[in-house]
Amino acid sequence: MRALVTALSALLAAASAQAQPIVVVRSESRIELRTVRHEDHVVVEGALRDDLGEPLAGRELVVRATPDGPEAPIRHAVTTREDGGFRVRLNLSTGGYRLSAGFSGDGVHERVEVERRLDLDRADVRLRVVVPDGGRLDLDQPEHRVEVFADSTEGPGGLVVHLLDEHDRRLASEVTDAAGRAAFTVQAATLGPPGAGRIKARSGADALRAEAQTEVPVVRFRATALTLRASRTEARPGDEVRFEGALRDSTGPIEGRAVGLFAGQEHLATVLTAADGSFAVGVPLRAQHAGSLEVVARYESDAPGRTGSTSEPVLLEVAAPRPMPWAWLLLPLAVCCVLLAWIARAGPRRPEKSVAPPEERPAGVRISKRRSLRADRADVTGRVLDHRDDEPVPAARVLLTAGGGRERRADAGEDGAFRLDGLEAGDWTLTVSADGYAEAQAQLSLPHRGEWSDMVVRLVSMRARALAPYRPVAEAILPSPRLWGVWTSREVLAQARGTGRGAPPLDDLTDRVEQACYGARPPTGEDVVAIEERAERALRGLREGEPETSADPLQEADSGPR
């Protein structure tokens, strides 16, 4: 789970219809800790990461070495580097110590502390882990071979070595041979889910040798497969072709992922997969598609544990547009001649004022400008429109409520129009709502002078509200703000990763925006609040220039005793 919800406080304002709950979300964090012994000192090193393995830079940790005797603990404060790593030198005498490292947490990450035993009275043991394929573990393979090599001045043989994952779950146990080698066969089913992780090797202490531990970073991944088919193989410009397909891996369907349809470099559509991994979308064809059109579906994975995939191409034969009869070509010329003749006969006219720019379309209720002298109107009429394109919102619900439990209802027609007649005098509350839209409210008094007749109510789509917070984030990433609305959210995310600015908060934000904009159901108010909070955090990180990405090389790791 990417984040744990650790606090929830709702601020409800009775006089405001826009009050929203505030959610504080915190991610888990973990500390990797290891030691390297030298003749006259011990080096403590490690890294601070979140639950997805991403480094946490610029955080303060406290490293303590508490001796077994009455001596006071040795304490060091250290700040993590850009890669989340830290390093502390401790001048320790022989004896036993309890070594710990702690992070007090911050606004978005949980507190964490790890502890291990350090015994300087026994011989040092060094472990080395070798994993296949540079640490890329294919979960579709049934098993994987892992080797651990031990070295000690008291001999490397006979050590009991446990193989663990990043959560200290035991994967296997073996005993080193005389050369210090232990070979493990690890079943893929025990490795855990796809994603970044670590494999640890730990040996216990015996009469002569101290305990030891080391680890290497790994990525557990599973391949995906994408299918695509079209409802027809031949079409003409203006036709809509329905494309269907499914996204799966070896464990079954993959839900809620964005799949893009492309014809060459042209992006045709984006759609989210359903619970069974399927998707379906209609694509209108244009004149530029005439000829042989090759369409593919692409899934670009946003996590290291799942590969992207591309479907087999689907070939469409798009006929060229029908040529226009030559007689129709004369029609525009004839119309122009008639207009020119009419203008010539009309003679010169006084220049008119230039047309004023169109009014902005503010959301909410706009009353009519037509007023009479007498307040004798007892009706409420108007139209409900979409705030973005001024299209009617059919089946919108109109509710008038007043004191004493009085209420009147009406539904808008196909043209968005509604009407309520014969209303009683007094103060009323008007509430207009529709599925997938934020509701609008207004206070009115009856009778009125005409201002509440022929009103215009513009509702804001919840999908538009969900997309709005993503725009400043995208414009901070795009090469030019003009590309907003041209590039898809996946292309914005790929641009961020290509410039070293991608991070789990941006991945999560993009997933949520795609779900809100392309999902089967419109987003709720809580969905919009979550998107706004993540967009603010992502934008703050981009503007402050915080390092957004870092990854450990998948290579062998040496370490001293744990």
# chains A, B, ... in the order shown; residues from 1 in each chain; ligands from 1
call {"tool": "residues_around", "arguments": {"residues": "Val161 (chain A)", "least_positions_apart": "3", "cutoff": "7 Å", "atoms": "only C-alpha atoms", "output": "ChimeraX atom specification"}}
result
/A:173-175,201-203
call {"tool": "write_last_selection", "arguments": {"atoms": "N, CA, C and O atoms", "output": "PDB file, in the first residue's frame"}}
result
ATOM      1  N   SER A 173      16.954 -20.811   4.110  1.00  0.00           N
ATOM      2  CA  SER A 173      18.107 -20.900   5.019  1.00  0.00           C
ATOM      3  C   SER A 173      19.038 -21.986   4.510  1.00  0.00           C
ATOM      4  O   SER A 173      18.594 -23.036   4.029  1.00  0.00           O
ATOM      5  N   GLU A 174      20.356 -21.724   4.598  1.00  0.00           N
ATOM      6  CA  GLU A 174      21.375 -22.695   4.202  1.00  0.00           C
ATOM      7  C   GLU A 174      22.594 -22.531   5.104  1.00  0.00           C
ATOM      8  O   GLU A 174      22.739 -21.515   5.807  1.00  0.00           O
ATOM      9  N   VAL A 175      23.503 -23.529   5.055  1.00  0.00           N
ATOM     10  CA  VAL A 175      24.759 -23.492   5.816  1.00  0.00           C
ATOM     11  C   VAL A 175      25.906 -23.365   4.824  1.00  0.00           C
ATOM     12  O   VAL A 175      25.941 -24.067   3.802  1.00  0.00           O
ATOM     13  N   ALA A 201      20.910 -11.037   3.378  1.00  0.00           N
ATOM     14  CA  ALA A 201      21.539 -12.260   3.880  1.00  0.00           C
ATOM     15  C   ALA A 201      21.997 -11.984   5.302  1.00  0.00           C
ATOM     16  O   ALA A 201      22.672 -10.980   5.555  1.00  0.00           O
ATOM     17  N   ARG A 202      21.640 -12.866   6.240  1.00  0.00           N
ATOM     18  CA  ARG A 202      21.969 -12.644   7.653  1.00  0.00           C
ATOM     19  C   ARG A 202      22.495 -13.934   8.249  1.00  0.00           C
ATOM     20  O   ARG A 202      21.908 -15.006   8.053  1.00  0.00           O
ATOM     21  N   SER A 203      23.616 -13.821   8.954  1.00  0.00           N
ATOM     22  CA  SER A 203      24.176 -14.971   9.668  1.00  0.00           C
ATOM     23  C   SER A 203      24.212 -14.655  11.158  1.00  0.00           C
ATOM     24  O   SER A 203      24.493 -13.515  11.557  1.00  0.00           O
TER      25      SER A 203
END
call {"tool": "closest_atom_pairs", "arguments": {"of": "region 442-533 of chain A", "to": "region 386-405 of chain A", "cutoff": "6 Å", "atoms": "only C-alpha atoms", "output": "tab-separated table"}}
result
residue	atom	partner	partner_atom	distance
A:Arg458	CA	A:His387	CA	4.8
A:Leu459	CA	A:His387	CA	5.3
A:Val460	CA	A:His387	CA	5.3
call {"tool": "write_last_selection", "arguments": {"atoms": "N, CA and C atoms", "output": "short mmCIF file (atom, residue, chain, number, x, y, z; two decimals), in the first residue's frame"}}
result
data_model
loop_
_atom_site.label_atom_id
_atom_site.label_comp_id
_atom_site.auth_asym_id
_atom_site.auth_seq_id
_atom_site.Cartn_x
_atom_site.Cartn_y
_atom_site.Cartn_z
N ARG A 458 -25.27 27.35 -14.68
CA ARG A 458 -24.16 26.62 -15.29
C ARG A 458 -23.51 25.73 -14.22
N LEU A 459 -23.49 24.44 -14.49
CA LEU A 459 -22.93 23.46 -13.57
C LEU A 459 -21.53 23.05 -14.02
N VAL A 460 -20.65 22.85 -13.05
CA VAL A 460 -19.27 22.44 -13.33
C VAL A 460 -19.18 20.93 -13.31
#
call {"tool": "closest_atom_pairs", "arguments": {"of": "region 54-169 of chain A", "to": "region 305-309 of chain A", "cutoff": "10 Å", "atoms": "only C-alpha atoms", "output": "Markdown table"}}
result
| residue | atom | partner | partner_atom | distance |
| --- | --- | --- | --- | --- |
| A:Arg136 | CA | A:Gly305 | CA | 9.4 |
| A:Leu137 | CA | A:Gly305 | CA | 9.4 |
| A:Asp138 | CA | A:Gly305 | CA | 9.2 |
| A:Leu139 | CA | A:Gly305 | CA | 9.4 |
call {"tool": "write_last_selection", "arguments": {"atoms": "N, CA, C and O atoms", "output": "PDB file, in the first residue's frame"}}
result
ATOM      1  N   ARG A 136      17.093  -8.252 -11.407  1.00  0.00           N
ATOM      2  CA  ARG A 136      15.743  -8.252 -12.003  1.00  0.00           C
ATOM      3  C   ARG A 136      15.184  -9.678 -11.910  1.00  0.00           C
ATOM      4  O   ARG A 136      15.655 -10.587 -12.601  1.00  0.00           O
ATOM      5  N   LEU A 137      14.183  -9.844 -11.073  1.00  0.00           N
ATOM      6  CA  LEU A 137      13.631 -11.161 -10.786  1.00  0.00           C
ATOM      7  C   LEU A 137      12.266 -11.288 -11.473  1.00  0.00           C
ATOM      8  O   LEU A 137      11.304 -10.608 -11.104  1.00  0.00           O
ATOM      9  N   ASP A 138      12.200 -12.153 -12.477  1.00  0.00           N
ATOM     10  CA  ASP A 138      10.977 -12.367 -13.249  1.00  0.00           C
ATOM     11  C   ASP A 138      10.063 -13.300 -12.454  1.00  0.00           C
ATOM     12  O   ASP A 138      10.366 -14.478 -12.264  1.00  0.00           O
ATOM     13  N   LEU A 139       8.923 -12.777 -11.990  1.00  0.00           N
ATOM     14  CA  LEU A 139       8.012 -13.580 -11.180  1.00  0.00           C
ATOM     15  C   LEU A 139       7.290 -14.641 -11.993  1.00  0.00           C
ATOM     16  O   LEU A 139       6.625 -15.513 -11.424  1.00  0.00           O
TER      17      LEU A 139
END
call {"tool": "select_by_dssp", "arguments": {"residues": "region 185-432 of chain A", "states": "strand (DSSP E or B)", "output": "NGL selection string"}}
result
:A and (185-187 or 195-203 or 209 or 212-222 or 224-230 or 234-235 or 240-249 or 252-253 or 258-263 or 266-272 or 278-284 or 291-299 or 306 or 309-310 or 314-318 or 364-366 or 377 or 380-386 or 392 or 397-402 or 406-411 or 417-420 or 426-432)
call {"tool": "select_by_dssp", "arguments": {"residues": "region 183-346 of chain A", "states": "helix (DSSP H, G or I)", "output": "list in words"}}
result
Ala188, Ala189, Thr190, Ala287, Gln288, His289, Trp326, Ala327, Trp328, Leu329, Leu330, Leu331, Pro332, Leu333, Ala334, Val335, Cys336, Cys337, Val338, Leu339, Leu340, Ala341, Trp342, Ile343, Ala344, Arg345 and Ala346 of chain A
call {"tool": "closest_residue", "arguments": {"among": "A:Leu56, A:Leu120, A:Leu506, A:Ile199", "to": "Val218 (chain A)", "atoms": "only C-alpha atoms"}}
result
A:Ile199
call {"tool": "residues_around", "arguments": {"residues": "Leu159 (chain A)", "least_positions_apart": "2", "cutoff": "12 Å", "atoms": "only C-alpha atoms", "output": "ChimeraX atom specification"}}
result
/A:125-127,148-152,154-157,161-162,173-182,201-212
call {"tool": "write_last_selection", "arguments": {"atoms": "N, CA and C atoms", "output": "short mmCIF file (atom, residue, chain, number, x, y, z; two decimals), in the first residue's frame"}}
result
data_model
loop_
_atom_site.label_atom_id
_atom_site.label_comp_id
_atom_site.auth_asym_id
_atom_site.auth_seq_id
_atom_site.Cartn_x
_atom_site.Cartn_y
_atom_site.Cartn_z
N VAL A 125 32.61 -10.96 10.28
CA VAL A 125 32.16 -11.79 9.18
C VAL A 125 31.63 -10.85 8.09
N ARG A 126 32.08 -11.10 6.86
CA ARG A 126 31.61 -10.30 5.72
C ARG A 126 30.82 -11.22 4.79
N LEU A 127 29.65 -10.73 4.36
CA LEU A 127 28.78 -11.49 3.47
C LEU A 127 28.65 -10.77 2.13
N VAL A 148 25.25 -16.77 -1.65
CA VAL A 148 25.84 -15.93 -0.61
C VAL A 148 27.24 -16.45 -0.32
N PHE A 149 28.22 -15.53 -0.27
CA PHE A 149 29.60 -15.88 0.03
C PHE A 149 30.01 -15.20 1.32
N ALA A 150 30.61 -15.97 2.24
CA ALA A 150 31.03 -15.47 3.54
C ALA A 150 32.55 -15.47 3.64
N ASP A 151 33.07 -14.57 4.47
CA ASP A 151 34.52 -14.48 4.69
C ASP A 151 34.74 -14.05 6.13
N SER A 152 35.70 -14.70 6.84
CA SER A 152 36.01 -14.36 8.23
C SER A 152 37.39 -14.87 8.57
N GLU A 154 38.12 -16.25 11.25
CA GLU A 154 37.92 -17.51 11.97
C GLU A 154 37.35 -18.60 11.08
N GLY A 155 37.39 -18.36 9.77
CA GLY A 155 36.91 -19.35 8.81
C GLY A 155 35.48 -19.08 8.39
N PRO A 156 35.16 -19.31 7.09
CA PRO A 156 33.82 -19.00 6.59
C PRO A 156 32.84 -20.16 6.61
N GLY A 157 33.28 -21.37 6.92
CA GLY A 157 32.41 -22.53 6.84
C GLY A 157 31.53 -22.70 8.06
N VAL A 161 23.09 -19.23 7.33
CA VAL A 161 22.73 -17.98 6.65
C VAL A 161 21.24 -18.02 6.31
N HIS A 162 20.53 -16.96 6.68
CA HIS A 162 19.12 -16.82 6.37
C HIS A 162 18.96 -15.79 5.26
N SER A 173 16.95 -20.81 4.11
CA SER A 173 18.11 -20.90 5.02
C SER A 173 19.04 -21.99 4.51
N GLU A 174 20.36 -21.72 4.60
CA GLU A 174 21.37 -22.69 4.20
C GLU A 174 22.59 -22.53 5.10
N VAL A 175 23.50 -23.53 5.05
CA VAL A 175 24.76 -23.49 5.82
C VAL A 175 25.91 -23.36 4.82
N THR A 176 26.85 -22.47 5.10
CA THR A 176 27.98 -22.27 4.19
C THR A 176 28.89 -23.49 4.21
N ASP A 177 29.45 -23.80 3.02
CA ASP A 177 30.41 -24.91 2.95
C ASP A 177 31.79 -24.43 3.40
N ALA A 178 32.79 -25.26 3.23
CA ALA A 178 34.13 -24.91 3.71
C ALA A 178 34.68 -23.67 3.03
N ALA A 179 34.25 -23.41 1.81
CA ALA A 179 34.72 -22.23 1.09
C ALA A 179 33.88 -20.98 1.40
N GLY A 180 32.87 -21.13 2.26
CA GLY A 180 32.05 -19.98 2.63
C GLY A 180 30.89 -19.73 1.69
N ARG A 181 30.51 -20.69 0.85
CA ARG A 181 29.45 -20.49 -0.13
C ARG A 181 28.18 -21.18 0.32
N ALA A 182 27.04 -20.45 0.16
CA ALA A 182 25.72 -21.02 0.41
C ALA A 182 24.85 -20.73 -0.80
N ALA A 201 20.91 -11.04 3.38
CA ALA A 201 21.54 -12.26 3.88
C ALA A 201 22.00 -11.98 5.30
N ARG A 202 21.64 -12.87 6.24
CA ARG A 202 21.97 -12.64 7.65
C ARG A 202 22.50 -13.93 8.25
N SER A 203 23.62 -13.82 8.95
CA SER A 203 24.18 -14.97 9.67
C SER A 203 24.21 -14.65 11.16
N GLY A 204 23.93 -15.66 11.98
CA GLY A 204 23.93 -15.46 13.42
C GLY A 204 25.32 -15.59 14.02
N ALA A 205 25.46 -15.14 15.24
CA ALA A 205 26.75 -15.22 15.95
C ALA A 205 26.95 -16.63 16.50
N ASP A 206 28.22 -17.03 16.60
CA ASP A 206 28.57 -18.27 17.30
C ASP A 206 29.68 -17.97 18.29
N ALA A 207 30.38 -18.97 18.77
CA ALA A 207 31.38 -18.76 19.82
C ALA A 207 32.53 -17.88 19.35
N LEU A 208 32.86 -17.90 18.05
CA LEU A 208 34.03 -17.17 17.57
C LEU A 208 33.67 -16.01 16.64
N ARG A 209 32.55 -16.08 15.97
CA ARG A 209 32.24 -15.11 14.93
C ARG A 209 30.99 -14.31 15.28
N ALA A 210 31.05 -13.02 14.93
CA ALA A 210 29.93 -12.12 15.19
C ALA A 210 28.85 -12.31 14.13
N GLU A 211 27.64 -11.84 14.44
CA GLU A 211 26.58 -11.89 13.43
C GLU A 211 26.88 -10.90 12.31
N ALA A 212 26.30 -11.14 11.16
CA ALA A 212 26.57 -10.28 10.00
C ALA A 212 25.31 -10.19 9.15
#
call {"tool": "closest_residue", "arguments": {"among": "A:Pro73, A:Gly426, A:Gly485, A:Gly282", "to": "Leu99 (chain A)", "atoms": "only C-alpha atoms"}}
result
A:Pro73
